[in-house]
Amino acid sequence: MATTEFTLSCPFPIQDYPHVLMAHGGGGRLMHQLIGKMIAPAFSDTPLAMQHDASTFEVTAGKLAFTTDSFVVRPLFFPGGDIGSLAVHGTVNDLAMAGARPVYLSAAFIIEEGLPMETLWKVVTSMQQAARACGVRIITGDTKVVDKGKGDGLFINTTGVGILEHAQTISPAQVQPGDSILVNGDIGRHGMAVMAVREGLEFESAIESDSAPVAEAVLKLLEAGIQVHCLRDLTRGGLTSVLNEIAEAAGLTIAVEETRVPVREDVRAACEILGLDPLGVACEGRFAAFVAESDADRALQILRAHSMGTEAVRIGQVTEQRKARVLLRSAIGVQRILDVPSGEQLPRIC
Amino acid sequence: MKFLDEYRDGEAARSYAREIARITTRPWALMEICGGQTHAIVKFGIDELLPQSLSLIHGPGCPVCVTPLEIIDKALEIAARKDVIFTSFGDMLRVPGSHTDLLSVKAAGGDVRIVYSPLDALKIAAQHPAKEVVFFGVGFETTAPATAMAVYQAARAGLKNFSLLVSHVLVPPAMEAILGSSNCRVQAFLAAGHVCTVMGFEEYVPIAAKYGVPIVVTGFEPLDILQGILMCVEQLESGRCEVENQYSRSVRREGNQPAQKLLQEVFRVVPRKWRGVGEIPASGLGLSEAYAAFDAEQKFGVAALSVEEPADCLSGQVLQGLIKPHQCPAFGSRCTPEHPLGATMVSSEGACAAYYRYRRQESTAT
């Protein structure tokens, strides 16, 4: 396996420093060693370039997209991913939601003193592999070390730059009555995967996170000239939050069919047990696309032809009603409001 | 999902609804006891399939909602202590006490943890011998056996750093309190299926006979609830008042006897305050003398704390089915899930929360 090979060839003397020390963020030799030997070579073919105060890159004429996101996840490793791959996918996906082709990322690490060096190396390797798979380059970064007890092992921030290669405006304000709402696959897997590990819930088989880059699938839609009015990744708050935010921004009623929203059996079962609504559970490789009704079938075909959209479906429609709300038709055919919870969903008593 | 989707089938639901409409000749008022049923009714829109002459009254069966303010305040006081790890089911964390809630205590540095089973709390106690681990034992007869098992095992293992803040309540005394009140409108009950899975339904027979009400033990899925309603209406229309079991795939007449035995071993029946309702005699479970050493109220000296309920929260009337949540003047304005006046607005099973979450338009329409 590539990861193992890489672990073996880690150029940093892990045996000398099995844990991250405050000195690794102190500006002295240890910090330069950590960055120069471990982090920069993993991310760049020209590691020295990463050790300037800023990286430079050429831009073509046109529009750029720019975004940032911070990643805090416990546990750092979960079935289907880890904080490193998540930090790459999350920002790449945010760029994709603007319809941009992701090109560059930054990576900033806030490390808690005492974090096993091996853990940091695994995360760095995972980021390297995820970035390669997404076709983005990590060209600048930062490391800070905080006292033990002042962090949760490792926090990562990634900032991304992407290029817009089309002339469409993608935003909630573009959403029109009649638009079809598509999702690129089953929802709720990431949130339940992390919760199952964090809370020590044992199911028959591990639920794997859906963490994955969706930029390529989105770009296929745009290249085919699909009229994409709005895109949103279904992260915190899940589908419920996204639909409500867009209904609010567009000032329109959105109507969704509960039975059409794909949720895998194991995720549904875990949600049933805990009293959670899968529609409000986070994903990390899923998005909702609001596309012109006339293009919906073609958009579905394109998504289904891509590995990130084999189970893409149409879950509902934007209505003509000028009232900002989301209506959900339940399994027994009655319509009700789909509202956002006031905070995190909490597991119920019985 | 197997054994779930079958009970959510739209066509079957509509055919039950047609049958209910066909046999209903007069207005009837039914109460579903359990908050889980209330949420299913509102979430799936079951009541919208029913004839208008049939009204569903939402009962007091949400354990979070009926937990009195003073127990919440006791929990908050204990949870804030430095030497304590306070463990609770998730949905108690947001319930407001007089001044704050457990989530805020946690944010202020209290060690408050969500557990999925009281036995998890026991594990934490074994792992942290230098800390006092307290479990917040809330719920009806459904959750009481698991709490009892935790205390039972703690005693066997000689765990001295584990204790219980207990606020378990019993369904039949609450039903009698409702039926005995002068403004009671309830003509039939959907009894809570999970409670009966533990307790069986023998104890409902004298209630049905004394007050002349049909009681149908009912499950939680849309088809369960619709069938339970149909069975109630059939009884009402034919003048019967019997105890029937719709939820026979889970409930036996005698219930779960090992669980009942454990309850008898660990707990004794005590009078208990119900939030918004007041004290109901013989309506709660407290630790029996043999297990008194595990009583957190005694251990932390909070037993004497007494708190008045706020006057502008009408959750007591909601819990007794006297008003619907959106008929409360504070609903959706002074009382929201972000700033709740009472627990019914917070709990995932609370009637006010269900109406706020799924039915907010009704508050503007009425």
# chains A, B, ... in the order shown; residues from 1 in each chain; ligands from 1

call {"tool": "residues_around", "arguments": {"residues": "range 122-132 of chain A", "least_positions_apart": "5", "cutoff": "6 Å", "atoms": "only C-alpha atoms", "output": "VMD selection string"}}
result
chain A and resid 43 84 to 85

call {"tool": "write_last_selection", "arguments": {"atoms": "N, CA and C atoms", "output": "mmCIF file, in the first residue's frame"}}
result
data_model
loop_
_atom_site.group_PDB
_atom_site.id
_atom_site.type_symbol
_atom_site.label_atom_id
_atom_site.label_comp_id
_atom_site.auth_asym_id
_atom_site.auth_seq_id
_atom_site.Cartn_x
_atom_site.Cartn_y
_atom_site.Cartn_z
ATOM 1 N N PHE A 43 4.122 17.827 0.144
ATOM 2 C CA PHE A 43 3.147 18.599 -0.625
ATOM 3 C C PHE A 43 3.699 19.186 -1.912
ATOM 4 N N GLY A 84 -7.166 14.674 7.447
ATOM 5 C CA GLY A 84 -6.352 15.150 6.326
ATOM 6 C C GLY A 84 -7.120 15.120 5.008
ATOM 7 N N SER A 85 -7.672 13.963 4.675
ATOM 8 C CA SER A 85 -8.423 13.878 3.418
ATOM 9 C C SER A 85 -9.638 14.798 3.477
#

call {"tool": "residues_around", "arguments": {"residues": "range 300-312 of chain A", "least_positions_apart": "5", "cutoff": "8 Å", "atoms": "only C-alpha atoms", "output": "list in words"}}
result
Leu182, Val183, Asn184, Gly185, Asp186, Ala212, Pro213, Val214, Ala217, Lys220, Leu221 and Gly285 of chain A

call {"tool": "select_by_dssp", "arguments": {"residues": "range 122-339 of chain A", "states": "alpha helix (DSSP H)", "output": "VMD selection string"}}
result
chain A and resid 122 to 134 189 to 198 215 to 223 238 to 250 265 to 274 296 to 304

call {"tool": "interface_residues", "arguments": {"of": "chain A", "to": "chain B", "cutoff": "8 Å", "atoms": "only C-alpha atoms", "output": "PyMOL selection string"}}
result
chain A and resi 265+268-269+330-342+346-350

call {"tool": "write_last_selection", "arguments": {"atoms": "C-alpha atoms", "output": "compact mmCIF listing (two decimals), in the first residue's frame"}}
result
# COMPACT_ATOMS: atom_id res chain seq x y z
CA GLU A 265 -30.12 1.12 5.10
CA ARG A 268 -31.32 4.89 8.34
CA ALA A 269 -31.11 2.16 10.96
CA SER A 330 -43.84 12.31 4.10
CA ALA A 331 -43.78 8.59 3.42
CA ILE A 332 -47.57 8.41 3.85
CA GLY A 333 -48.12 11.27 1.43
CA VAL A 334 -48.85 14.19 3.78
CA GLN A 335 -46.93 17.44 3.41
CA ARG A 336 -45.20 19.17 6.33
CA ILE A 337 -42.52 21.76 7.04
CA LEU A 338 -38.90 20.63 6.99
CA ASP A 339 -37.29 22.94 9.51
CA VAL A 340 -33.74 23.27 10.76
CA PRO A 341 -33.11 22.21 14.35
CA SER A 342 -31.94 24.96 16.70
CA LEU A 346 -29.18 15.26 20.15
CA PRO A 347 -29.86 11.55 20.59
CA ARG A 348 -33.16 10.88 22.33
CA ILE A 349 -34.07 8.95 25.48
CA CYS A 350 -36.29 6.18 24.13

call {"tool": "residues_around", "arguments": {"residues": "Ala188 in chain B", "least_positions_apart": "5", "cutoff": "7 Å", "atoms": "only C-alpha atoms", "output": "PyMOL selection string"}}
result
chain B and resi 29-31+213-215+232

call {"tool": "write_last_selection", "arguments": {"atoms": "N, CA and C atoms", "output": "PDB file, in the first residue's frame"}}
result
ATOM      1  N   ALA B  29     -62.710  12.262  21.005  1.00  0.00           N
ATOM      2  CA  ALA B  29     -61.393  12.802  21.366  1.00  0.00           C
ATOM      3  C   ALA B  29     -60.523  11.680  21.942  1.00  0.00           C
ATOM      4  N   LEU B  30     -59.432  11.427  21.264  1.00  0.00           N
ATOM      5  CA  LEU B  30     -58.512  10.360  21.673  1.00  0.00           C
ATOM      6  C   LEU B  30     -57.210  10.983  22.167  1.00  0.00           C
ATOM      7  N   MET B  31     -56.609  10.383  23.173  1.00  0.00           N
ATOM      8  CA  MET B  31     -55.295  10.872  23.599  1.00  0.00           C
ATOM      9  C   MET B  31     -54.230   9.821  23.324  1.00  0.00           C
ATOM     10  N   VAL B 213     -63.293   3.971  29.586  1.00  0.00           N
ATOM     11  CA  VAL B 213     -62.574   4.408  28.378  1.00  0.00           C
ATOM     12  C   VAL B 213     -61.894   3.217  27.695  1.00  0.00           C
ATOM     13  N   PRO B 214     -61.993   3.157  26.368  1.00  0.00           N
ATOM     14  CA  PRO B 214     -61.192   2.162  25.650  1.00  0.00           C
ATOM     15  C   PRO B 214     -59.711   2.524  25.743  1.00  0.00           C
ATOM     16  N   ILE B 215     -58.854   1.513  25.918  1.00  0.00           N
ATOM     17  CA  ILE B 215     -57.401   1.738  25.935  1.00  0.00           C
ATOM     18  C   ILE B 215     -56.783   0.744  24.954  1.00  0.00           C
ATOM     19  N   CYS B 232     -59.675   2.030  18.617  1.00  0.00           N
ATOM     20  CA  CYS B 232     -60.339   2.900  19.598  1.00  0.00           C
ATOM     21  C   CYS B 232     -61.722   3.302  19.110  1.00  0.00           C
TER      22      CYS B 232
END

call {"tool": "closest_residue", "arguments": {"among": "A:Cys134, A:Met117, A:Met22, A:Val72", "to": "His89 in chain A", "atoms": "only C-alpha atoms"}}
result
A:Cys134

call {"tool": "atom_distance", "arguments": {"atom1": "CA of Asp16 in chain A", "atom2": "CA of Lys37 in chain A"}}
result
13.6 Å
